[in-house]
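Data from start-v4.cif: mmCIF, C-alpha atoms
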data_coords
loop_
_atom_site.group_PDB
_atom_site.id
_atom_site.type_symbol
_atom_site.label_atom_id
_atom_site.label_comp_id
_atom_site.auth_asym_id
_atom_site.auth_seq_id
_atom_site.Cartn_x
_atom_site.Cartn_y
_atom_site.Cartn_z
ATOM 1 C CA MET A 190 -29.051 -22.538 20.903
ATOM 2 C CA ARG A 191 -26.208 -20.995 18.970
ATOM 3 C CA TRP A 192 -24.375 -17.996 20.300
ATOM 4 C CA ILE A 193 -25.312 -15.159 17.993
ATOM 5 C CA TRP A 194 -23.084 -12.108 18.120
ATOM 6 C CA ILE A 195 -24.656 -9.937 15.427
ATOM 7 C CA ASP A 196 -28.070 -8.322 15.674
ATOM 8 C CA LYS A 197 -29.320 -8.252 12.099
ATOM 9 C CA PHE A 198 -28.353 -7.999 8.482
ATOM 10 C CA VAL A 199 -29.051 -4.709 6.736
ATOM 11 C CA GLU A 200 -27.636 -5.753 3.361
ATOM 12 C CA PHE A 201 -27.224 -9.175 1.838
ATOM 13 C CA LYS A 202 -26.101 -9.825 -1.699
ATOM 14 C CA SER A 203 -25.909 -13.572 -2.151
ATOM 15 C CA GLY A 204 -22.380 -14.796 -2.847
ATOM 16 C CA GLU A 205 -20.972 -11.265 -2.808
ATOM 17 C CA THR A 206 -21.399 -8.933 0.152
ATOM 18 C CA ALA A 207 -23.242 -8.574 3.428
ATOM 19 C CA VAL A 208 -23.554 -5.886 6.071
ATOM 20 C CA ALA A 209 -24.602 -6.762 9.604
ATOM 21 C CA VAL A 210 -25.282 -4.525 12.579
ATOM 22 C CA LYS A 211 -23.984 -5.142 16.075
ATOM 23 C CA ASN A 212 -25.187 -2.919 18.877
ATOM 24 C CA VAL A 213 -22.823 -2.708 21.801
ATOM 25 C CA THR A 214 -24.410 -2.354 25.222
ATOM 26 C CA LEU A 215 -23.226 -2.071 28.781
ATOM 27 C CA ALA A 216 -25.610 -4.944 29.522
ATOM 28 C CA GLU A 217 -22.849 -7.196 28.120
ATOM 29 C CA GLU A 218 -21.215 -8.262 31.343
ATOM 30 C CA HIS A 219 -17.715 -8.727 30.009
ATOM 31 C CA LEU A 220 -17.538 -4.970 29.395
ATOM 32 C CA HIS A 221 -17.643 -4.394 33.154
ATOM 33 C CA ASP A 222 -14.285 -6.121 33.456
ATOM 34 C CA HIS A 223 -12.823 -4.977 30.151
ATOM 35 C CA PHE A 224 -11.874 -2.634 31.666
ATOM 36 C CA PRO A 225 -13.205 -1.488 35.060
ATOM 37 C CA GLY A 226 -14.080 2.182 34.613
ATOM 38 C CA PHE A 227 -13.205 2.147 30.905
ATOM 39 C CA ALA A 228 -15.452 -0.189 28.969
ATOM 40 C CA VAL A 229 -14.176 -1.098 25.500
ATOM 41 C CA MET A 230 -15.260 -3.945 23.254
ATOM 42 C CA PRO A 231 -12.587 -6.674 23.150
ATOM 43 C CA GLU A 232 -11.022 -6.865 19.717
ATOM 44 C CA CYS A 233 -11.402 -10.640 19.588
ATOM 45 C CA LEU A 234 -15.157 -10.124 19.745
ATOM 46 C CA MET A 235 -14.969 -7.823 16.736
ATOM 47 C CA ILE A 236 -13.307 -10.705 14.922
ATOM 48 C CA GLU A 237 -16.153 -12.946 16.091
ATOM 49 C CA GLY A 238 -18.686 -10.486 14.666
ATOM 50 C CA MET A 239 -16.850 -10.542 11.351
ATOM 51 C CA ALA A 240 -16.573 -14.332 11.445
ATOM 52 C CA GLN A 241 -20.345 -14.637 11.877
ATOM 53 C CA THR A 242 -21.193 -12.053 9.226
ATOM 54 C CA ALA A 243 -18.730 -13.386 6.650
ATOM 55 C CA GLY A 244 -19.333 -17.013 7.664
ATOM 56 C CA ILE A 245 -23.066 -16.726 7.025
ATOM 57 C CA LEU A 246 -22.345 -15.008 3.707
ATOM 58 C CA VAL A 247 -20.054 -17.908 2.727
ATOM 59 C CA GLY A 248 -22.532 -20.526 3.999
ATOM 60 C CA GLU A 249 -25.436 -18.999 2.129
ATOM 61 C CA ALA A 250 -23.397 -18.938 -1.091
ATOM 62 C CA ARG A 251 -23.523 -22.767 -1.009
ATOM 63 C CA SER A 252 -27.113 -22.935 0.294
ATOM 64 C CA PHE A 253 -25.890 -23.804 3.819
ATOM 65 C CA GLU A 254 -24.900 -27.267 2.620
ATOM 66 C CA GLN A 255 -21.268 -26.972 3.673
ATOM 67 C CA LYS A 256 -19.912 -26.919 7.185
ATOM 68 C CA VAL A 257 -18.158 -23.588 7.198
ATOM 69 C CA ILE A 258 -15.397 -23.259 9.778
ATOM 70 C CA LEU A 259 -13.219 -20.234 10.484
ATOM 71 C CA ALA A 260 -9.781 -21.435 9.426
ATOM 72 C CA LYS A 261 -7.473 -18.453 9.377
ATOM 73 C CA ILE A 262 -7.362 -14.807 10.350
ATOM 74 C CA LYS A 263 -5.441 -13.344 7.430
ATOM 75 C CA LYS A 264 -5.477 -9.821 8.745
ATOM 76 C CA ALA A 265 -6.908 -7.988 11.734
ATOM 77 C CA VAL A 266 -6.037 -4.326 12.208
ATOM 78 C CA PHE A 267 -7.850 -2.121 14.707
ATOM 79 C CA PHE A 268 -7.988 1.645 14.444
ATOM 80 C CA ASP A 269 -10.236 2.808 17.250
ATOM 81 C CA TYR A 270 -12.040 1.849 20.466
ATOM 82 C CA VAL A 271 -15.627 0.640 20.496
ATOM 83 C CA ARG A 272 -17.629 1.779 23.514
ATOM 84 C CA PRO A 273 -21.025 0.853 24.984
ATOM 85 C CA GLY A 274 -23.803 2.509 22.984
ATOM 86 C CA ASP A 275 -21.923 2.260 19.702
ATOM 87 C CA THR A 276 -23.593 0.719 16.678
ATOM 88 C CA LEU A 277 -21.181 -1.225 14.510
ATOM 89 C CA HIS A 278 -21.641 -1.977 10.851
ATOM 90 C CA ILE A 279 -19.808 -5.113 9.844
ATOM 91 C CA HIS A 280 -19.135 -5.189 6.098
ATOM 92 C CA ALA A 281 -18.024 -8.501 4.606
ATOM 93 C CA GLU A 282 -17.159 -9.394 1.039
ATOM 94 C CA ILE A 283 -16.326 -12.748 -0.546
ATOM 95 C CA GLU A 284 -12.995 -12.385 -2.282
ATOM 96 C CA SER A 285 -12.576 -15.977 -3.454
ATOM 97 C CA ILE A 286 -14.660 -19.090 -3.077
ATOM 98 C CA ALA A 287 -13.837 -22.631 -4.155
ATOM 99 C CA GLU A 288 -15.007 -26.138 -3.344
ATOM 100 C CA GLU A 289 -12.779 -26.400 -0.302
ATOM 101 C CA ALA A 290 -12.687 -22.919 1.120
ATOM 102 C CA ALA A 291 -13.467 -19.227 0.866
ATOM 103 C CA GLY A 292 -11.580 -16.014 1.538
ATOM 104 C CA THR A 293 -13.306 -12.835 2.710
ATOM 105 C CA THR A 294 -12.313 -9.241 3.287
ATOM 106 C CA GLY A 295 -14.083 -6.928 5.663
ATOM 107 C CA ARG A 296 -14.346 -3.633 7.455
ATOM 108 C CA ILE A 297 -16.037 -2.630 10.679
ATOM 109 C CA THR A 298 -17.312 0.920 10.894
ATOM 110 C CA CYS A 299 -19.028 3.042 13.527
ATOM 111 C CA GLY A 300 -20.736 5.955 11.796
ATOM 112 C CA ASP A 301 -18.087 7.386 9.476
ATOM 113 C CA LYS A 302 -15.266 6.029 11.578
ATOM 114 C CA LEU A 303 -13.229 3.030 10.435
ATOM 115 C CA ILE A 304 -12.834 0.699 13.417
ATOM 116 C CA ALA A 305 -11.187 -2.391 11.959
ATOM 117 C CA GLU A 306 -10.112 -4.246 8.838
ATOM 118 C CA ILE A 307 -10.480 -8.002 9.133
ATOM 119 C CA ASP A 308 -9.769 -10.559 6.396
ATOM 120 C CA LEU A 309 -10.625 -14.195 7.045
ATOM 121 C CA MET A 310 -10.486 -17.655 5.521
ATOM 122 C CA PHE A 311 -13.151 -20.278 5.961
ATOM 123 C CA SER A 312 -12.834 -23.978 5.291
ATOM 124 C CA HIS A 313 -15.581 -26.216 3.966
ATOM 125 C CA ILE A 314 -14.333 -28.952 6.229
ATOM 126 C CA ASP A 315 -15.920 -31.953 4.556
ATOM 127 C CA GLN A 316 -14.176 -31.016 1.314
ATOM 128 C CA ASN A 317 -10.938 -30.185 2.910
ATOM 129 C CA LEU A 318 -9.820 -32.699 5.481
ATOM 130 C CA ALA A 319 -10.143 -35.777 3.334
ATOM 131 C CA GLY A 320 -10.497 -38.962 5.305
ATOM 132 C CA LYS A 321 -11.552 -37.293 8.535
ATOM 133 C CA GLU A 322 -15.126 -37.894 9.470
ATOM 134 C CA PHE A 323 -17.390 -35.253 10.878
ATOM 135 C CA PRO A 324 -20.956 -35.583 12.112
ATOM 136 C CA GLU A 325 -23.358 -35.813 9.245
ATOM 137 C CA GLU A 326 -25.623 -33.057 10.424
ATOM 138 C CA ASN A 327 -24.489 -29.531 9.715
ATOM 139 C CA PHE A 328 -23.472 -28.492 13.197
ATOM 140 C CA VAL A 329 -22.485 -25.029 11.982
ATOM 141 C CA PHE A 330 -25.743 -24.002 10.396
ATOM 142 C CA THR A 331 -28.337 -25.590 12.640
ATOM 143 C CA ASP A 332 -32.020 -25.062 11.987
ATOM 144 C CA THR A 333 -32.304 -22.662 14.898
ATOM 145 C CA PHE A 334 -29.477 -20.627 13.516
ATOM 146 C CA LYS A 335 -30.870 -20.570 10.012
ATOM 147 C CA SER A 336 -34.433 -19.738 11.028
ATOM 148 C CA LEU A 337 -33.097 -16.946 13.187
ATOM 149 C CA LEU A 338 -31.338 -15.585 10.125
ATOM 150 C CA GLN A 339 -34.009 -16.135 7.562
ATOM 151 C CA GLY A 340 -36.068 -13.226 8.825
ATOM 152 C CA SER A 341 -33.240 -10.745 8.822
ATOM 153 C CA VAL A 342 -31.745 -11.887 5.546
ATOM 154 C CA PHE A 343 -35.145 -11.729 3.938
ATOM 155 C CA GLN A 344 -35.806 -8.238 5.232
ATOM 156 C CA ALA A 345 -32.426 -7.086 4.043
ATOM 157 C CA GLY A 346 -33.503 -7.901 0.511
ATOM 158 C CA LYS A 347 -31.568 -10.950 -0.458
ATOM 159 C CA GLY A 348 -30.138 -11.182 -3.956
ATOM 160 C CA MET B 285 2.077 -9.483 -21.165
ATOM 161 C CA THR B 286 5.246 -11.427 -20.564
ATOM 162 C CA MET B 287 6.844 -11.436 -17.168
ATOM 163 C CA SER B 288 10.433 -12.346 -16.518
ATOM 164 C CA ARG B 289 11.200 -15.097 -14.046
ATOM 165 C CA ASP B 290 12.569 -12.506 -11.627
ATOM 166 C CA GLU B 291 9.344 -10.545 -11.780
ATOM 167 C CA ILE B 292 7.321 -13.683 -11.141
ATOM 168 C CA PHE B 293 9.574 -14.587 -8.212
ATOM 169 C CA GLY B 294 9.160 -11.103 -6.773
ATOM 170 C CA GLN B 295 5.387 -11.370 -6.805
ATOM 171 C CA VAL B 296 5.363 -14.931 -5.497
ATOM 172 C CA GLN B 297 7.612 -13.720 -2.703
ATOM 173 C CA GLU B 298 5.118 -10.994 -1.845
ATOM 174 C CA VAL B 299 2.238 -13.504 -1.859
ATOM 175 C CA LEU B 300 4.105 -15.792 0.545
ATOM 176 C CA VAL B 301 5.138 -12.950 2.843
ATOM 177 C CA ASP B 302 1.488 -11.879 3.138
ATOM 178 C CA ALA B 303 0.005 -15.366 3.382
ATOM 179 C CA LEU B 304 2.461 -16.786 5.906
ATOM 180 C CA GLY B 305 3.469 -13.685 7.864
ATOM 181 C CA ILE B 306 7.168 -14.179 7.142
ATOM 182 C CA ASP B 307 10.040 -11.886 6.082
ATOM 183 C CA ASP B 308 11.154 -11.311 2.476
ATOM 184 C CA ASP B 309 14.551 -12.823 3.067
ATOM 185 C CA GLU B 310 13.082 -16.120 4.254
ATOM 186 C CA VAL B 311 11.587 -16.703 0.812
ATOM 187 C CA SER B 312 14.429 -18.218 -1.205
ATOM 188 C CA GLU B 313 13.816 -20.423 -4.250
ATOM 189 C CA GLU B 314 14.923 -23.500 -2.293
ATOM 190 C CA ALA B 315 12.732 -22.897 0.755
ATOM 191 C CA THR B 316 10.134 -25.606 1.373
ATOM 192 C CA LEU B 317 6.668 -24.294 2.147
ATOM 193 C CA MET B 318 5.951 -26.561 5.080
ATOM 194 C CA GLY B 319 9.385 -27.247 6.548
ATOM 195 C CA ASP B 320 11.065 -23.877 6.100
ATOM 196 C CA LEU B 321 8.162 -21.455 5.869
ATOM 197 C CA GLY B 322 5.737 -23.129 8.274
ATOM 198 C CA ALA B 323 2.765 -23.419 5.916
ATOM 199 C CA GLU B 324 -0.237 -25.452 7.103
ATOM 200 C CA SER B 325 -2.992 -26.963 5.003
ATOM 201 C CA ILE B 326 -5.264 -23.907 5.033
ATOM 202 C CA ASP B 327 -2.307 -21.752 3.993
ATOM 203 C CA PHE B 328 -2.068 -23.700 0.728
ATOM 204 C CA LEU B 329 -5.561 -22.560 -0.165
ATOM 205 C CA ASP B 330 -4.775 -19.034 0.903
ATOM 206 C CA ILE B 331 -1.700 -19.122 -1.353
ATOM 207 C CA VAL B 332 -3.746 -20.487 -4.277
ATOM 208 C CA PHE B 333 -6.334 -17.709 -3.889
ATOM 209 C CA ARG B 334 -3.655 -15.037 -3.679
ATOM 210 C CA LEU B 335 -1.761 -16.370 -6.712
ATOM 211 C CA GLU B 336 -4.976 -16.430 -8.750
ATOM 212 C CA LYS B 337 -5.618 -12.828 -7.853
ATOM 213 C CA THR B 338 -2.040 -11.613 -8.315
ATOM 214 C CA PHE B 339 -1.448 -13.250 -11.688
ATOM 215 C CA GLY B 340 -5.025 -13.333 -13.007
ATOM 216 C CA ILE B 341 -4.907 -17.094 -13.555
ATOM 217 C CA LYS B 342 -7.165 -19.958 -12.506
ATOM 218 C CA ILE B 343 -5.498 -22.645 -10.404
ATOM 219 C CA PRO B 344 -7.258 -25.922 -9.629
ATOM 220 C CA ARG B 345 -5.879 -26.719 -6.209
ATOM 221 C CA GLU B 346 -4.876 -30.311 -6.981
ATOM 222 C CA GLU B 347 -2.851 -29.048 -9.911
ATOM 223 C CA LEU B 348 -0.487 -26.972 -7.798
ATOM 224 C CA PHE B 349 -0.597 -29.083 -4.641
ATOM 225 C CA PRO B 350 -1.505 -32.637 -5.675
ATOM 226 C CA ALA B 351 -0.337 -34.288 -2.448
ATOM 227 C CA GLU B 352 -3.724 -34.811 -0.848
ATOM 228 C CA THR B 353 -5.334 -36.473 -3.844
ATOM 229 C CA LEU B 354 -2.374 -38.803 -4.128
ATOM 230 C CA MET B 355 -2.220 -39.756 -0.481
ATOM 231 C CA ASN B 356 -5.857 -40.728 -0.310
ATOM 232 C CA ASN B 357 -5.683 -43.225 -3.119
ATOM 233 C CA PRO B 358 -4.552 -46.723 -2.069
ATOM 234 C CA GLU B 359 -3.404 -47.417 -5.625
ATOM 235 C CA PHE B 360 -0.854 -44.646 -5.303
ATOM 236 C CA VAL B 361 0.388 -45.254 -1.772
ATOM 237 C CA ASN B 362 1.566 -48.504 -0.243
ATOM 238 C CA ASN B 363 3.318 -48.952 3.081
ATOM 239 C CA GLY B 364 4.044 -45.258 3.423
ATOM 240 C CA LYS B 365 5.674 -45.007 0.011
ATOM 241 C CA LEU B 366 4.420 -43.948 -3.359
ATOM 242 C CA THR B 367 3.875 -46.858 -5.747
ATOM 243 C CA GLU B 368 5.072 -46.831 -9.368
ATOM 244 C CA LYS B 369 1.606 -45.736 -10.325
ATOM 245 C CA GLY B 370 1.659 -43.015 -7.692
ATOM 246 C CA LEU B 371 5.012 -41.767 -8.938
ATOM 247 C CA ALA B 372 3.755 -41.721 -12.512
ATOM 248 C CA GLU B 373 0.765 -39.688 -11.375
ATOM 249 C CA LEU B 374 3.021 -37.315 -9.450
ATOM 250 C CA ARG B 375 5.335 -36.847 -12.461
ATOM 251 C CA ASP B 376 2.320 -36.106 -14.566
ATOM 252 C CA LYS B 377 0.818 -33.623 -12.082
ATOM 253 C CA MET B 378 4.116 -31.964 -11.264
ATOM 254 C CA SER B 379 5.638 -31.753 -14.711
ATOM 255 C CA HIS B 380 6.862 -28.292 -13.739
ATOM 256 C CA THR B 381 9.140 -29.746 -11.049
ATOM 257 C CA ASP B 382 12.100 -32.095 -10.988
ATOM 258 C CA ILE B 383 11.148 -34.943 -8.654
ATOM 259 C CA SER B 384 14.095 -37.250 -9.377
ATOM 260 C CA ALA B 385 15.567 -36.908 -5.877
ATOM 261 C CA PHE B 386 12.234 -37.896 -4.347
ATOM 262 C CA GLU B 387 11.874 -40.886 -6.673
ATOM 263 C CA SER B 388 14.846 -42.677 -5.140
ATOM 264 C CA ASP B 389 13.045 -42.769 -1.782
ATOM 265 C CA PRO B 390 9.373 -41.966 -2.355
ATOM 266 C CA ASP B 391 8.447 -41.740 1.336
ATOM 267 C CA VAL B 392 5.119 -39.910 1.649
ATOM 268 C CA ASN B 393 6.461 -37.997 4.628
ATOM 269 C CA LYS B 394 8.956 -36.363 2.292
ATOM 270 C CA LEU B 395 6.310 -35.347 -0.186
ATOM 271 C CA GLY B 396 6.064 -32.008 1.560
ATOM 272 C CA ASP B 397 9.675 -31.228 0.660
ATOM 273 C CA LEU B 398 8.709 -31.089 -3.016
ATOM 274 C CA PHE B 399 6.597 -28.035 -2.404
ATOM 275 C CA THR B 400 9.142 -25.291 -2.666
ATOM 276 C CA VAL B 401 9.090 -21.653 -3.651
ATOM 277 C CA ARG B 402 10.809 -22.670 -6.902
ATOM 278 C CA MET B 403 7.957 -25.057 -7.654
ATOM 279 C CA ILE B 404 5.424 -22.256 -7.345
ATOM 280 C CA VAL B 405 7.470 -19.942 -9.564
ATOM 281 C CA ASN B 406 7.810 -22.715 -12.192
ATOM 282 C CA PHE B 407 4.122 -23.433 -12.005
ATOM 283 C CA VAL B 408 3.093 -19.799 -12.408
ATOM 284 C CA GLN B 409 5.548 -19.371 -15.264
ATOM 285 C CA SER B 410 4.130 -22.372 -17.132
ATOM 286 C CA LYS B 411 0.576 -21.133 -16.530
ATOM 287 C CA LEU B 412 1.399 -17.658 -17.817
ATOM 288 C CA GLU B 413 3.111 -19.055 -20.892
ATOM 289 C CA ALA B 414 0.126 -21.258 -21.642
ATOM 290 C CA ALA B 415 -2.313 -18.381 -21.262
#

For this file, write the structure as structure tokens.
Amino acid sequence: MRWIWIDKFVEFKSGETAVAVKNVTLAEEHLHDHFPGFAVMPECLMIEGMAQTAGILVGEARSFEQKVILAKIKKAVFFDYVRPGDTLHIHAEIESIAEEAAGTTGRITCGDKLIAEIDLMFSHIDQNLAGKEFPEENFVFTDTFKSLLQGSVFQAGKG
Amino acid sequence: MTMSRDEIFGQVQEVLVDALGIDDDEVSEEATLMGDLGAESIDFLDIVFRLEKTFGIKIPREELFPAETLMNNPEFVNNGKLTEKGLAELRDKMSHTDISAFESDPDVNKLGDLFTVRMIVNFVQSKLEAA
């Protein structure tokens, strides 16, 4: 099964924008070590949340036919700590999309507070690394992954 | 709206500074994108997207950076060098750039040296004039 780091989508506008929710809980074991006595969400995991939110947005824009790989972190600026019990809203927007790749911009918020600004680039690897062969099946968007998403995307009112 | 070459250079410079995380003064007209500025393949797409946005133009990727399409065609590449046909194709695709130095030794490994800041400025200028 795929590692899913976002809980659900609350908005999904195909090919344009998506908002996902991530609830942070002290049941996540890494928070016990990061840091002992002062649990804060690692910033790299905020990037992961954005990569999943924006990556699914980019994948859906091409009907999950492309293998969408995180290729570049264009910008990642963090403004505040995220603590256990916080509910994050991860807002992603497609800025550009072409045959080979897509660029996204995004913000993470907690209530009214801006937590992070994260801009990413994704590669459609089959279109991009000409001559290199990848497995035929779409190992990014597996059926399990898609079916897990279908429900939440549907509820969020796709389109 | 007409932009002077200096204005175009200024904006291209800003695009490259943002896309590659480099300093203003590293972006001279002669600088090569890969050798001097450390661009990797995904950066070329990032640069294309940013140029489209900055200048409000549409850039088919193979038009600005035709290297990949050339390299993957056996008619154009033989024994690590561009064939006559390949060179003709390159001249055609890169009409905005002087490739005469490359033509004397068309080693594909040197293809990257053709992609300079000046080439981007020339390309944008020709696009804006055509618009």

Practice task
May I ask which of the residues A:His219, A:Lys264, A:Lys197, A:Lys256 is the closest one to chain B, counting only C-alpha atoms?
Solution key: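 Nearest candidate to chain B out of A:His219, A:Lys264, A:Lys197, A:Lys256: A:Lys264.
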
Fill in the blank from the handout: Between B:Ile343, B:Met403, B:Leu321, B:Val392, smallest distance to B:Asn362 by all atoms listed in the file belongs to B:Val392

Handout entry: Test item: the PyMOL selection byres ((chain A and resi 205-217) around 10) resolved as a ChimeraX atom specification
Key = /A:194-204,218-221,228-230,235,238-239,241-243,245-247,250,271-285,293-299,341-342,345,347-348

Residue hits in chain A, query chain B, radius 10 Å, all atoms listed in the file, as a compact mmCIF listing (two decimals) with C-alpha atoms, keeping the file's coordinate frame:
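Saved file part-v5.txt follows:
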# COMPACT_ATOMS: atom_id res chain seq x y z
CA ALA A 260 -9.78 -21.44 9.43
CA LYS A 261 -7.47 -18.45 9.38
CA LYS A 263 -5.44 -13.34 7.43
CA LYS A 264 -5.48 -9.82 8.74
CA GLU A 284 -13.00 -12.38 -2.28
CA SER A 285 -12.58 -15.98 -3.45
CA ILE A 286 -14.66 -19.09 -3.08
CA ALA A 287 -13.84 -22.63 -4.16
CA GLU A 288 -15.01 -26.14 -3.34
CA GLU A 289 -12.78 -26.40 -0.30
CA ALA A 290 -12.69 -22.92 1.12
CA ALA A 291 -13.47 -19.23 0.87
CA GLY A 292 -11.58 -16.01 1.54
CA LEU A 309 -10.62 -14.20 7.04
CA MET A 310 -10.49 -17.66 5.52
CA PHE A 311 -13.15 -20.28 5.96
CA SER A 312 -12.83 -23.98 5.29
CA ASN A 317 -10.94 -30.18 2.91
CA LEU A 318 -9.82 -32.70 5.48
CA ALA A 319 -10.14 -35.78 3.33
CA GLY A 320 -10.50 -38.96 5.30

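From atom CA of B:Gly322 back to atom CA of B:Asp397, the distance works out to 11.8 Å.
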
Problem - Between atom CA of A:Phe268 and atom CA of A:Phe227 - distance in Å to one decimal - result: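 Atom-to-atom, atom CA of A:Phe227 and atom CA of A:Phe268 are spaced 17.3 Å apart.
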
Exercise for the section: Between B:Ile341, B:Ile383, B:Val296, B:Leu395, single out the one closest to B:Leu412, counting only C-alpha atoms. Expected result: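 Closest residue, counting only C-alpha atoms: B:Ile341.
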
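From atom CA of B:Glu314 back to atom CA of B:Arg402, the distance works out to 6.2 Å.
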
Completion exercise
The residue from A:Ala305, A:Ile314, A:Ala265, A:Val329 with the smallest atom-to-atom distance to A:Gly244, counting only C-alpha atoms, is A:Val329

How big is the axis-aligned box around the listed atoms of stretch 326-334 of chain B once 5 Å is added on each side, and where is its centre? Give both in Å to one decimal, as AutoDock Vina command-line options.
--center_x -4.0 --center_y -19.5 --center_z 0.4 --size_x 14.6 --size_y 18.9 --size_z 19.3

Exercise for the section: Kindly resolve the PyMOL selection byres ((chain B and resi 370) around 12) on the present coordinates and return the residues as an NGL selection string. Expected result: :B and (350-362 or 364-369 or 371-378 or 387 or 390-392 or 395)

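The closest residue to A:Val266, picked from A:Asn327, A:Ser252, A:Ala240, A:Cys233 and counting all atoms listed in the file, is A:Cys233.
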